[in-house]
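Enquirer: Input entry.pdb, format and content: PDB, C-alpha atoms, pLDDT in the B column.
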```pdb
ATOM      1  CA  ALA K   1      85.185 102.636 107.641  1.00 76.00           C
ATOM      2  CA  LEU K   2      83.447 101.882 104.338  1.00 84.00           C
ATOM      3  CA  THR K   3      86.674 101.312 102.432  1.00 88.00           C
ATOM      4  CA  LEU K   4      88.408  99.510 105.309  1.00 90.00           C
ATOM      5  CA  ASN K   5      85.554  97.022 105.602  1.00 91.00           C
ATOM      6  CA  TYR K   6      85.606  96.507 101.846  1.00 93.00           C
ATOM      7  CA  LEU K   7      89.353  95.802 101.819  1.00 93.00           C
ATOM      8  CA  ALA K   8      89.025  93.312 104.669  1.00 93.00           C
ATOM      9  CA  LYS K   9      86.292  91.399 102.827  1.00 93.00           C
ATOM     10  CA  PHE K  10      88.212  91.488  99.533  1.00 93.00           C
ATOM     11  CA  GLU K  11      91.217  89.923 101.234  1.00 93.00           C
ATOM     12  CA  LYS K  12      89.084  87.293 102.939  1.00 92.00           C
ATOM     13  CA  LEU K  13      87.403  86.349  99.648  1.00 91.00           C
ATOM     14  CA  TYR K  14      90.453  86.135  97.409  1.00 91.00           C
ATOM     15  CA  ALA K  15      93.411  85.324  99.664  1.00 90.00           C
ATOM     16  CA  ALA K  16      92.535  81.616  99.867  1.00 87.00           C
ATOM     17  CA  GLU K  17      92.475  81.353  96.052  1.00 85.00           C
ATOM     18  CA  ILE K  18      96.100  82.393  95.710  1.00 87.00           C
ATOM     19  CA  ASP K  19      97.459  80.541  98.716  1.00 83.00           C
ATOM     20  CA  GLY K  20     100.555  78.668  97.583  1.00 82.00           C
ATOM     21  CA  LEU K  21     100.588  80.304  94.130  1.00 88.00           C
ATOM     22  CA  ILE K  22     103.900  79.491  92.438  1.00 90.00           C
ATOM     23  CA  PRO K  23     105.636  82.599  90.991  1.00 91.00           C
ATOM     24  CA  VAL K  24     106.140  82.506  87.214  1.00 92.00           C
ATOM     25  CA  GLU K  25     108.269  84.497  84.807  1.00 94.00           C
ATOM     26  CA  CYS K  26     106.825  87.628  83.206  1.00 94.00           C
ATOM     27  CA  ARG K  27     108.072  90.422  81.035  1.00 94.00           C
ATOM     28  CA  ILE K  28     107.287  94.001  80.130  1.00 92.00           C
ATOM     29  CA  GLY K  29     109.206  94.613  76.935  1.00 91.00           C
ATOM     30  CA  ASP K  30     112.806  93.681  77.728  1.00 93.00           C
ATOM     31  CA  ASP K  31     112.236  93.707  81.484  1.00 90.00           C
ATOM     32  CA  PHE K  32     111.999  90.119  82.773  1.00 93.00           C
ATOM     33  CA  PHE K  33     110.790  89.556  86.329  1.00 93.00           C
ATOM     34  CA  SER K  34     108.899  87.198  88.630  1.00 92.00           C
ATOM     35  CA  SER K  35     105.126  87.547  88.968  1.00 91.00           C
ATOM     36  CA  GLU K  36     105.828  87.841  92.694  1.00 88.00           C
ATOM     37  CA  HIS K  37     107.119  91.354  92.012  1.00 86.00           C
ATOM     38  CA  MET K  38     104.546  92.500  89.481  1.00 84.00           C
ATOM     39  CA  ALA K  39     103.116  95.220  91.707  1.00 83.00           C
ATOM     40  CA  ASP K  40     106.609  96.696  92.091  1.00 79.00           C
ATOM     41  CA  ARG K  41     106.921  97.112  88.307  1.00 72.00           C
ATOM     42  CA  LEU K  42     103.722  99.098  87.926  1.00 68.00           C
ATOM     43  CA  ASN K  43     103.752 102.827  88.341  1.00 64.00           C
ATOM     44  CA  LYS K  44     100.795 104.521  89.941  1.00 59.00           C
ATOM     45  CA  GLY K  45      98.249 105.410  87.274  1.00 65.00           C
ATOM     46  CA  ASN K  46      99.185 102.788  84.700  1.00 83.00           C
ATOM     47  CA  ASN K  47      96.562 100.643  83.038  1.00 90.00           C
ATOM     48  CA  ILE K  48      97.769  97.087  82.517  1.00 91.00           C
ATOM     49  CA  LEU K  49      97.077  94.251  80.098  1.00 94.00           C
ATOM     50  CA  ILE K  50      98.128  90.793  81.323  1.00 94.00           C
ATOM     51  CA  ILE K  51      98.381  88.272  78.483  1.00 94.00           C
ATOM     52  CA  GLY K  52      99.267  84.594  78.341  1.00 92.00           C
ATOM     53  CA  GLN K  53      98.023  81.237  77.145  1.00 88.00           C
ATOM     54  CA  ALA K  54      94.998  79.576  78.700  1.00 86.00           C
ATOM     55  CA  GLY K  55      95.785  77.870  82.002  1.00 84.00           C
ATOM     56  CA  CYS K  56      98.907  79.889  82.798  1.00 87.00           C
ATOM     57  CA  GLY K  57      97.402  81.489  85.903  1.00 88.00           C
ATOM     58  CA  LYS K  58      96.630  84.997  84.615  1.00 91.00           C
ATOM     59  CA  SER K  59      93.496  85.376  86.729  1.00 90.00           C
ATOM     60  CA  LEU K  60      95.215  84.181  89.900  1.00 90.00           C
ATOM     61  CA  ILE K  61      98.168  86.481  89.272  1.00 91.00           C
ATOM     62  CA  ALA K  62      95.761  89.391  88.767  1.00 90.00           C
ATOM     63  CA  LYS K  63      94.001  88.569  92.053  1.00 91.00           C
ATOM     64  CA  LYS K  64      97.378  88.469  93.795  1.00 91.00           C
ATOM     65  CA  LEU K  65      98.080  91.871  92.275  1.00 91.00           C
ATOM     66  CA  GLY K  66      94.716  93.044  93.624  1.00 91.00           C
ATOM     67  CA  LEU K  67      95.676  91.889  97.115  1.00 93.00           C
ATOM     68  CA  ALA K  68      99.051  93.603  96.783  1.00 91.00           C
ATOM     69  CA  VAL K  69      97.522  96.961  95.882  1.00 88.00           C
ATOM     70  CA  ALA K  70      94.939  96.501  98.661  1.00 90.00           C
ATOM     71  CA  GLN K  71      97.791  96.293 101.150  1.00 89.00           C
ATOM     72  CA  LYS K  72      98.887  99.702  99.883  1.00 87.00           C
ATOM     73  CA  GLY K  73      95.423 101.120 100.560  1.00 86.00           C
ATOM     74  CA  GLU K  74      94.113 101.027  96.997  1.00 90.00           C
ATOM     75  CA  LEU K  75      90.686  99.547  96.270  1.00 93.00           C
ATOM     76  CA  PRO K  76      90.666  96.503  93.941  1.00 94.00           C
ATOM     77  CA  VAL K  77      87.430  95.414  92.228  1.00 96.00           C
ATOM     78  CA  PHE K  78      87.318  92.131  90.274  1.00 95.00           C
ATOM     79  CA  ILE K  79      84.793  91.574  87.452  1.00 96.00           C
ATOM     80  CA  GLU K  80      84.488  89.197  84.483  1.00 95.00           C
ATOM     81  CA  ALA K  81      84.206  90.657  80.985  1.00 95.00           C
ATOM     82  CA  LYS K  82      81.985  87.814  79.773  1.00 95.00           C
ATOM     83  CA  ASP K  83      79.219  89.141  82.056  1.00 96.00           C
ATOM     84  CA  PHE K  84      79.157  92.572  80.395  1.00 96.00           C
ATOM     85  CA  LYS K  85      75.852  93.061  78.570  1.00 93.00           C
ATOM     86  CA  ASP K  86      75.399  96.769  77.972  1.00 91.00           C
ATOM     87  CA  LYS K  87      76.497  98.771  81.021  1.00 92.00           C
ATOM     88  CA  LEU K  88      79.356  98.452  83.466  1.00 94.00           C
ATOM     89  CA  ARG K  89      77.474  99.644  86.529  1.00 94.00           C
ATOM     90  CA  PRO K  90      75.524  96.399  87.201  1.00 95.00           C
ATOM     91  CA  LEU K  91      78.782  94.401  87.287  1.00 95.00           C
ATOM     92  CA  LEU K  92      80.368  96.869  89.685  1.00 96.00           C
ATOM     93  CA  GLU K  93      77.283  96.914  91.901  1.00 96.00           C
ATOM     94  CA  GLU K  94      77.150  93.132  92.053  1.00 95.00           C
ATOM     95  CA  GLU K  95      80.834  92.664  92.899  1.00 95.00           C
ATOM     96  CA  THR K  96      81.046  95.448  95.471  1.00 94.00           C
ATOM     97  CA  GLY K  97      77.679  94.365  96.899  1.00 94.00           C
ATOM     98  CA  LEU K  98      79.099  90.899  97.574  1.00 93.00           C
ATOM     99  CA  LEU K  99      81.767  92.632  99.627  1.00 94.00           C
ATOM    100  CA  GLY K 100      79.364  94.646 101.759  1.00 92.00           C
ATOM    101  CA  ILE K 101      78.915  97.816  99.705  1.00 93.00           C
ATOM    102  CA  SER K 102      75.243  98.838  99.653  1.00 93.00           C
ATOM    103  CA  SER K 103      75.747 101.877  97.403  1.00 93.00           C
ATOM    104  CA  LEU K 104      78.217 101.967  94.520  1.00 93.00           C
ATOM    105  CA  THR K 105      77.793 105.752  94.371  1.00 92.00           C
ATOM    106  CA  ASP K 106      78.854 106.090  98.013  1.00 92.00           C
ATOM    107  CA  PHE K 107      81.787 103.741  97.423  1.00 92.00           C
ATOM    108  CA  LEU K 108      83.059 105.775  94.464  1.00 91.00           C
ATOM    109  CA  SER K 109      82.467 109.053  96.288  1.00 90.00           C
ATOM    110  CA  SER K 110      84.306 107.797  99.355  1.00 90.00           C
ATOM    111  CA  ALA K 111      87.259 106.681  97.227  1.00 90.00           C
ATOM    112  CA  ARG K 112      87.414 110.086  95.569  1.00 88.00           C
ATOM    113  CA  HIS K 113      87.095 111.942  98.890  1.00 89.00           C
ATOM    114  CA  LEU K 114      89.838 109.864 100.510  1.00 88.00           C
ATOM    115  CA  GLU K 115      91.964 110.063  97.333  1.00 88.00           C
ATOM    116  CA  LYS K 116      92.166 106.276  97.165  1.00 89.00           C
ATOM    117  CA  ASN K 117      92.876 104.688  93.808  1.00 88.00           C
ATOM    118  CA  ILE K 118      90.447 102.078  92.516  1.00 92.00           C
ATOM    119  CA  VAL K 119      92.050  99.179  90.638  1.00 93.00           C
ATOM    120  CA  LEU K 120      89.448  97.566  88.392  1.00 95.00           C
ATOM    121  CA  ILE K 121      90.514  94.044  87.373  1.00 95.00           C
ATOM    122  CA  VAL K 122      88.641  92.897  84.258  1.00 96.00           C
ATOM    123  CA  ASP K 123      89.118  89.189  83.661  1.00 95.00           C
ATOM    124  CA  GLY K 124      88.760  87.592  80.219  1.00 94.00           C
ATOM    125  CA  ILE K 125      88.570  90.548  77.836  1.00 93.00           C
ATOM    126  CA  ASN K 126      88.764  88.011  75.004  1.00 91.00           C
ATOM    127  CA  GLU K 127      85.618  86.326  76.401  1.00 93.00           C
ATOM    128  CA  CYS K 128      83.513  89.479  76.110  1.00 93.00           C
ATOM    129  CA  ARG K 129      81.163  89.375  73.120  1.00 92.00           C
ATOM    130  CA  GLU K 130      83.037  90.884  70.199  1.00 91.00           C
ATOM    131  CA  ASP K 131      80.265  93.352  69.377  1.00 94.00           C
ATOM    132  CA  LEU K 132      80.144  94.531  73.023  1.00 94.00           C
ATOM    133  CA  ARG K 133      83.887  94.806  73.634  1.00 94.00           C
ATOM    134  CA  PRO K 134      84.295  98.345  72.196  1.00 93.00           C
ATOM    135  CA  ARG K 135      81.485  99.565  74.455  1.00 95.00           C
ATOM    136  CA  LEU K 136      83.052  97.911  77.491  1.00 95.00           C
ATOM    137  CA  LEU K 137      86.391  99.550  76.774  1.00 94.00           C
ATOM    138  CA  ARG K 138      84.751 102.968  76.279  1.00 94.00           C
ATOM    139  CA  ASN K 139      82.991 102.536  79.629  1.00 94.00           C
ATOM    140  CA  LEU K 140      86.336 101.756  81.237  1.00 95.00           C
ATOM    141  CA  ARG K 141      87.923 104.817  79.640  1.00 94.00           C
ATOM    142  CA  VAL K 142      85.179 107.034  81.038  1.00 92.00           C
ATOM    143  CA  LEU K 143      85.715 105.614  84.527  1.00 90.00           C
ATOM    144  CA  CYS K 144      89.455 106.237  84.274  1.00 89.00           C
ATOM    145  CA  ASP K 145      88.831 109.856  83.333  1.00 88.00           C
ATOM    146  CA  ARG K 146      86.199 110.416  86.018  1.00 87.00           C
ATOM    147  CA  TYR K 147      87.790 108.747  89.049  1.00 84.00           C
ATOM    148  CA  LEU K 148      91.200 107.867  90.488  1.00 78.00           C
ATOM    149  CA  LEU K 149      91.016 104.553  88.718  1.00 88.00           C
ATOM    150  CA  ARG K 150      93.299 102.269  86.766  1.00 90.00           C
ATOM    151  CA  VAL K 151      92.386  99.107  84.926  1.00 94.00           C
ATOM    152  CA  VAL K 152      93.997  95.677  84.846  1.00 94.00           C
ATOM    153  CA  LEU K 153      92.825  93.779  81.763  1.00 95.00           C
ATOM    154  CA  ILE K 154      93.325  90.023  81.408  1.00 95.00           C
ATOM    155  CA  SER K 155      93.333  88.308  78.019  1.00 94.00           C
ATOM    156  CA  GLN K 156      94.874  85.390  76.167  1.00 90.00           C
ATOM    157  CA  THR K 157      96.206  87.745  73.497  1.00 85.00           C
ATOM    158  CA  SER K 158      96.740  91.444  72.928  1.00 83.00           C
ATOM    159  CA  THR K 159      94.162  93.123  70.707  1.00 76.00           C
ATOM    160  CA  THR K 160      94.245  96.532  69.068  1.00 71.00           C
ATOM    161  CA  ASP K 161      90.925  97.593  70.583  1.00 83.00           C
ATOM    162  CA  VAL K 162      92.476  97.900  74.054  1.00 90.00           C
ATOM    163  CA  SER K 163      94.605 100.801  72.796  1.00 90.00           C
ATOM    164  CA  LEU K 164      91.918 103.174  74.083  1.00 90.00           C
ATOM    165  CA  LEU K 165      93.282 102.460  77.576  1.00 92.00           C
ATOM    166  CA  ASN K 166      96.943 102.603  76.538  1.00 91.00           C
ATOM    167  CA  PRO K 167      97.893  99.692  78.802  1.00 92.00           C
ATOM    168  CA  VAL K 168     101.334  98.462  79.766  1.00 90.00           C
ATOM    169  CA  ILE K 169     101.502  94.908  78.384  1.00 92.00           C
ATOM    170  CA  VAL K 170     102.619  92.232  80.843  1.00 93.00           C
ATOM    171  CA  GLU K 171     103.253  88.846  79.224  1.00 94.00           C
ATOM    172  CA  ILE K 172     103.168  85.622  81.237  1.00 94.00           C
ATOM    173  CA  LEU K 173     105.963  83.584  79.648  1.00 93.00           C
ATOM    174  CA  PRO K 174     105.799  79.845  78.842  1.00 90.00           C
ATOM    175  CA  PHE K 175     106.698  77.824  81.909  1.00 88.00           C
ATOM    176  CA  SER K 176     110.168  76.435  82.399  1.00 87.00           C
ATOM    177  CA  ASP K 177     110.519  72.798  83.486  1.00 86.00           C
ATOM    178  CA  ASP K 178     111.480  74.073  86.928  1.00 89.00           C
ATOM    179  CA  ILE K 179     108.217  76.003  87.325  1.00 89.00           C
ATOM    180  CA  LYS K 180     106.179  73.086  85.977  1.00 87.00           C
ATOM    181  CA  LEU K 181     107.817  70.796  88.527  1.00 87.00           C
ATOM    182  CA  LYS K 182     107.173  73.225  91.391  1.00 88.00           C
ATOM    183  CA  ILE K 183     103.482  73.512  90.488  1.00 87.00           C
ATOM    184  CA  ALA K 184     103.026  69.770  90.024  1.00 85.00           C
ATOM    185  CA  SER K 185     104.918  68.986  93.226  1.00 86.00           C
ATOM    186  CA  ALA K 186     102.605  71.263  95.207  1.00 85.00           C
ATOM    187  CA  TYR K 187      99.728  68.861  94.416  1.00 83.00           C
ATOM    188  CA  ALA K 188     101.601  65.552  94.509  1.00 83.00           C
ATOM    189  CA  SER K 189     102.194  63.282  97.471  1.00 82.00           C
ATOM    190  CA  SER K 190     105.778  63.182  98.697  1.00 77.00           C
ATOM    191  CA  GLY K 191     106.201  59.626  97.475  1.00 76.00           C
ATOM    192  CA  SER K 192     105.192  60.391  93.879  1.00 79.00           C
ATOM    193  CA  ILE K 193     107.152  63.595  93.189  1.00 78.00           C
ATOM    194  CA  SER K 194     110.037  61.631  91.641  1.00 77.00           C
ATOM    195  CA  ARG K 195     107.686  60.449  88.869  1.00 75.00           C
ATOM    196  CA  LEU K 196     106.899  63.960  87.628  1.00 80.00           C
ATOM    197  CA  ALA K 197     110.132  64.577  85.723  1.00 77.00           C
ATOM    198  CA  ALA K 198     109.136  61.993  83.107  1.00 75.00           C
ATOM    199  CA  ILE K 199     106.101  64.017  82.011  1.00 77.00           C
ATOM    200  CA  LEU K 200     107.339  67.619  82.194  1.00 77.00           C
ATOM    201  CA  LYS K 201     107.759  67.960  78.424  1.00 76.00           C
ATOM    202  CA  ALA K 202     104.092  67.105  77.874  1.00 78.00           C
ATOM    203  CA  ILE K 203     102.934  69.800  80.331  1.00 81.00           C
ATOM    204  CA  GLY K 204     102.259  73.231  78.895  1.00 81.00           C
ATOM    205  CA  THR K 205     100.229  75.120  81.499  1.00 82.00           C
ATOM    206  CA  GLY K 206      99.810  75.478  85.220  1.00 84.00           C
ATOM    207  CA  LEU K 207      96.501  73.639  85.024  1.00 83.00           C
ATOM    208  CA  GLU K 208      98.170  70.663  83.340  1.00 84.00           C
ATOM    209  CA  ALA K 209     100.966  70.721  85.922  1.00 85.00           C
ATOM    210  CA  ARG K 210      98.388  70.592  88.701  1.00 84.00           C
ATOM    211  CA  MET K 211      96.615  67.689  86.998  1.00 83.00           C
ATOM    212  CA  ALA K 212      99.905  65.806  86.708  1.00 84.00           C
ATOM    213  CA  GLY K 213     100.625  66.386  90.379  1.00 84.00           C
ATOM    214  CA  GLU K 214      97.224  65.155  91.486  1.00 83.00           C
ATOM    215  CA  ILE K 215      97.572  61.865  89.596  1.00 82.00           C
ATOM    216  CA  ALA K 216     101.337  61.412  89.987  1.00 80.00           C
ATOM    217  CA  SER K 217     100.745  58.250  92.003  1.00 79.00           C
ATOM    218  CA  GLU K 218      99.655  56.613  88.717  1.00 79.00           C
ATOM    219  CA  ASP K 219     101.965  55.463  85.931  1.00 73.00           C
ATOM    220  CA  ILE K 220     102.192  58.805  84.087  1.00 74.00           C
ATOM    221  CA  GLY K 221     105.608  58.462  82.477  1.00 73.00           C
ATOM    222  CA  GLY K 222     105.540  59.099  78.710  1.00 74.00           C
ATOM    223  CA  LEU K 223     101.912  60.263  78.557  1.00 76.00           C
ATOM    224  CA  SER K 224     100.925  62.850  75.960  1.00 78.00           C
ATOM    225  CA  ARG K 225      98.894  65.938  76.976  1.00 77.00           C
ATOM    226  CA  PHE K 226      95.743  64.263  75.696  1.00 81.00           C
ATOM    227  CA  GLU K 227      96.489  61.042  77.587  1.00 80.00           C
ATOM    228  CA  LEU K 228      97.234  63.064  80.742  1.00 78.00           C
ATOM    229  CA  PHE K 229      93.863  64.813  80.525  1.00 79.00           C
ATOM    230  CA  ASP K 230      92.075  61.526  79.784  1.00 83.00           C
ATOM    231  CA  LEU K 231      93.658  59.816  82.782  1.00 81.00           C
ATOM    232  CA  TYR K 232      92.932  62.774  85.044  1.00 80.00           C
ATOM    233  CA  THR K 233      89.265  62.812  83.953  1.00 84.00           C
ATOM    234  CA  ARG K 234      88.863  59.089  84.588  1.00 82.00           C
ATOM    235  CA  LYS K 235      90.489  59.319  88.014  1.00 74.00           C
ATOM    236  CA  LYS K 236      88.345  62.278  89.031  1.00 65.00           C
TER     237      LYS K 236
END
```
What is this structure when it is put down as structure tokens?

Expert:
Amino acid sequence: ALTLNYLAKFEKLYAAEIDGLIPVECRIGDDFFSSEHMADRLNKGNNILIIGQAGCGKSLIAKKLGLAVAQKGELPVFIEAKDFKDKLRPLLEEETGLLGISSLTDFLSSARHLEKNIVLIVDGINECREDLRPRLLRNLRVLCDRYLLRVVLISQTSTTDVSLLNPVIVEILPFSDDIKLKIASAYASSGSISRLAAILKAIGTGLEARMAGEIASEDIGGLSRFELFDLYTRKK
């Protein structure tokens, strides 16, 4: 009951965030695939490092991955690396506590007893203080060795210090014009979608595509990325 209640609350908390998420292209080495199928590419027991430029949707993709593994009965836990100060336990207690877990020890013990894998999603490894990052990664290594646990790291770039976890590297590739248009169109009114094609070359990230969609009713043709952001800020 403890783990079932946790999974239900995890889904309720994060499902709305990824509603309508547009699949993007990813790769593991020479294997190219849609983010929609990321969970299918990951073998049980692998640690993972998801990398990509700012605004490409890494965190949302990782949350979708968390929901996918939850549907298989695994236990996802989402934390932010920037909040790590000295010990991992307070972050785990806070996140699981928000989802109805009163005792982290009981949660971990229950997972071990039921032989359920814990998937710890650590967002923004590059945002963790540089002097604390080695300690965070050592803490994660200890957890992997002690429990049925794998780690999903999220970062803008790959760094050598993550080698302690020997992760499979998943790269979110630069968006094609087709993906940019799909993202922008999801936020644009039906009457303004035709205007989006004129600005696709200036869009680099999912965030920028969303901004373009939200202000597509304006005269956005030929705007630079800076001008797009300036117009979006003024309109909002």

Enquirer: Closest to Leu120 (chain K) among K:Ile79, K:Leu108, K:Ala186, K:Leu99, using all atoms listed in the file?

Expert: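 Using all atoms listed in the file, the shortest distance to Leu120 (chain K) belongs to K:Ile79.
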
Enquirer: Please report the interatomic distance between CA of Val142 (chain K) and CA of Glu93 (chain K) in Å with one decimal.

Expert: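 Spanning CA of Val142 (chain K) to CA of Glu93 (chain K) is a straight-line distance of 16.8 Å.
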
Enquirer: Starting from the shown file, work through the PyMOL selection byres ((chain K and resi 74) around 10) and note down what comes out as a PyMOL selection string.

Expert: chain K and resi 3+7+66-73+75-77+111+115-119+148-149

Enquirer: For the selection just defined, write its residues with C-alpha atoms to a file, as a PDB file, in the coordinates of the input.

Expert:
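The resulting part-v2.pdb:
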```pdb
ATOM      1  CA  THR K   3      86.674 101.312 102.432  1.00 88.00           C
ATOM      2  CA  LEU K   7      89.353  95.802 101.819  1.00 93.00           C
ATOM      3  CA  GLY K  66      94.716  93.044  93.624  1.00 91.00           C
ATOM      4  CA  LEU K  67      95.676  91.889  97.115  1.00 93.00           C
ATOM      5  CA  ALA K  68      99.051  93.603  96.783  1.00 91.00           C
ATOM      6  CA  VAL K  69      97.522  96.961  95.882  1.00 88.00           C
ATOM      7  CA  ALA K  70      94.939  96.501  98.661  1.00 90.00           C
ATOM      8  CA  GLN K  71      97.791  96.293 101.150  1.00 89.00           C
ATOM      9  CA  LYS K  72      98.887  99.702  99.883  1.00 87.00           C
ATOM     10  CA  GLY K  73      95.423 101.120 100.560  1.00 86.00           C
ATOM     11  CA  LEU K  75      90.686  99.547  96.270  1.00 93.00           C
ATOM     12  CA  PRO K  76      90.666  96.503  93.941  1.00 94.00           C
ATOM     13  CA  VAL K  77      87.430  95.414  92.228  1.00 96.00           C
ATOM     14  CA  ALA K 111      87.259 106.681  97.227  1.00 90.00           C
ATOM     15  CA  GLU K 115      91.964 110.063  97.333  1.00 88.00           C
ATOM     16  CA  LYS K 116      92.166 106.276  97.165  1.00 89.00           C
ATOM     17  CA  ASN K 117      92.876 104.688  93.808  1.00 88.00           C
ATOM     18  CA  ILE K 118      90.447 102.078  92.516  1.00 92.00           C
ATOM     19  CA  VAL K 119      92.050  99.179  90.638  1.00 93.00           C
ATOM     20  CA  LEU K 148      91.200 107.867  90.488  1.00 78.00           C
ATOM     21  CA  LEU K 149      91.016 104.553  88.718  1.00 88.00           C
TER      22      LEU K 149
END
```

Enquirer: Ranking K:Asn126, K:Ser158, K:Thr205, K:Ser217 by minimum distance to Ser192 (chain K) and counting only C-alpha atoms, which one comes first?

Expert: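 Smallest separation from Ser192 (chain K) among the options: K:Ser217.
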
Enquirer: Within 10 Å of (94.6, 85.8, 88.5) (file coordinates; all atoms listed in the file), which protein or nucleic acid residues are there? I'd like them as a list in words.

Expert: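 Every polymer residue passing the test: Tyr14, Glu17, Ile18, Leu21, Ile50, Cys56, Gly57, Lys58, Ser59, Leu60, Ile61, Ala62, Lys63, Lys64, Leu65, Gly66, Phe78, Ile121, Asp123 and Ile154 of chain K.
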
Enquirer: Once the PyMOL selection byres ((chain K and resi 179) around 9) has been applied to the shown file, what residues remain in the selection, as a PyMOL selection string?

Expert: chain K and resi 22-25+175-178+180-184+206

Enquirer: Just to be explicit: take each residue in the selection above, keep C-alpha atoms, and write the result as a PDB file, in the coordinates of the input.

Expert:
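File result.pdb, as written:
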```pdb
ATOM      1  CA  ILE K  22     103.900  79.491  92.438  1.00 90.00           C
ATOM      2  CA  PRO K  23     105.636  82.599  90.991  1.00 91.00           C
ATOM      3  CA  VAL K  24     106.140  82.506  87.214  1.00 92.00           C
ATOM      4  CA  GLU K  25     108.269  84.497  84.807  1.00 94.00           C
ATOM      5  CA  PHE K 175     106.698  77.824  81.909  1.00 88.00           C
ATOM      6  CA  SER K 176     110.168  76.435  82.399  1.00 87.00           C
ATOM      7  CA  ASP K 177     110.519  72.798  83.486  1.00 86.00           C
ATOM      8  CA  ASP K 178     111.480  74.073  86.928  1.00 89.00           C
ATOM      9  CA  LYS K 180     106.179  73.086  85.977  1.00 87.00           C
ATOM     10  CA  LEU K 181     107.817  70.796  88.527  1.00 87.00           C
ATOM     11  CA  LYS K 182     107.173  73.225  91.391  1.00 88.00           C
ATOM     12  CA  ILE K 183     103.482  73.512  90.488  1.00 87.00           C
ATOM     13  CA  ALA K 184     103.026  69.770  90.024  1.00 85.00           C
ATOM     14  CA  GLY K 206      99.810  75.478  85.220  1.00 84.00           C
TER      15      GLY K 206
END
```
